[in-house]
Amino acid sequence: MSTQETPGSTPATVSLADEDAVRRLLTDTLFGLWATVNNLSRLRPSKRDRYRVSVFGSARPQPEHWVYQEVKKLSAALGVLGCDIVTGGGPGLMQAANEGAQEASKDHDVKNFGIRVELPFEQSVNPFVEQAFEHQTFFTRLHQFVLMSDAFIVVPGGIGTVLESMMIWQLLQVRQLHDTPLIFVGPMWRGLVEWASAQMLRPGFELASPDDMKIPRCVDTAEEAIAIVREHQARWKSEQAAQAAKG
């Protein structure tokens, strides 16, 4: 016999020779672990002192590129507002955002986070990250972005940036995130939203709703993005103050 059991009970032991039973046990255990992780992720602090903005963008632009300098200025301005900065912790525009936050921290209390994923071609955290988190998979990494962030700004990027942005868009669409700005900066993202509207809202073949296309805020300049964050941060502060007053 491969197992020892009593009628109506779960088997006490599973023989490694019984491949089907081993497979069922592993599957049940893995789903149990996921259930535990999902349950723990429901926990939230009752009060947060810091407002955090995640900046998604390409790992490729070098510091001498104009877009690197623009993202650095954007992040520094967010730091002046009192926003902590969260990035993927890598090079390129992630580094630009962390560098801008570090510059702002000279005169303001700004915290600088990097949420990394293990990749064979990106081994080191950029030097401006104050606190780094390391993940083995994109899935857990993206989940931490969601848990940590109060707003998301998307600057020019490639396929990884699209992945991150689409996940936030979808979570807002299905109301797993609420009142969380998703801000696309630059013409490349406006083109993406225009494509989605044209293809997903075709009469007679609707794959989304018109309101879904209004979720991302498309802007052309860093100043417009900062204005959206400033307005949302003010509401956030009011809500935090109201929660504190309730005790």
# chains A, B, ... in the order shown; residues from 1 in each chain; ligands from 1
$ select_by_dssp --residues "stretch 78-160 of chain A" --states "strand (DSSP E or B)" --output "list in words"
Cys83, Asp84, Ile85, Val86, Thr87, Asn112, Phe113, Gly114, Ile115, Arg116, Val117, Leu119, Glu122, Gln131, Ala132, Phe133, Glu134, His135, Ala151, Phe152, Ile153 and Val154 of chain A
$ residues_around --residues "A:Asp220" --least-positions-apart "3" --cutoff "10 Å" --atoms "only C-alpha atoms" --output "PDB file with C-alpha atoms, in the first residue's frame"
ATOM      1  CA  PHE A 184       1.736  58.115 -18.327  1.00  0.00           C
ATOM      2  CA  VAL A 185       4.317  60.757 -19.221  1.00  0.00           C
ATOM      3  CA  GLY A 186       5.210  61.285 -22.870  1.00  0.00           C
ATOM      4  CA  PRO A 187       3.775  60.701 -26.344  1.00  0.00           C
ATOM      5  CA  MET A 188       4.593  56.989 -26.549  1.00  0.00           C
ATOM      6  CA  TRP A 189       2.057  56.204 -23.838  1.00  0.00           C
ATOM      7  CA  ARG A 190      -0.651  58.399 -25.303  1.00  0.00           C
ATOM      8  CA  GLU A 223       5.026  69.437 -14.485  1.00  0.00           C
ATOM      9  CA  GLU A 224       1.619  67.988 -15.340  1.00  0.00           C
ATOM     10  CA  ALA A 225       2.499  64.711 -13.627  1.00  0.00           C
TER      11      ALA A 225
END
$ closest_residue --among "A:Asp109, A:Leu93, A:Thr29, A:Val219" --to "A:Pro61" --atoms "only C-alpha atoms"
A:Leu93
$ residues_around --residues "stretch 192-195 of chain A" --least-positions-apart "4" --cutoff "12 Å" --atoms "only C-alpha atoms" --output "number ranges by chain"
A: 156, 162, 165-166, 169, 183-188, 199-202, 210, 212-219
$ residues_around --residues "stretch 125-127 of chain A" --least-positions-apart "5" --cutoff "7 Å" --atoms "only C-alpha atoms" --output "PyMOL selection string"
chain A and resi 89-91+95
$ write_last_selection --atoms "C-alpha atoms" --output "PDB file, in the first residue's frame"
ATOM      1  CA  GLY A  89      16.285  49.571  -8.344  1.00  0.00           C
ATOM      2  CA  GLY A  90      18.192  49.026 -11.574  1.00  0.00           C
ATOM      3  CA  PRO A  91      20.062  51.282 -14.028  1.00  0.00           C
ATOM      4  CA  GLN A  95      18.555  55.055 -11.425  1.00  0.00           C
TER       5      GLN A  95
END
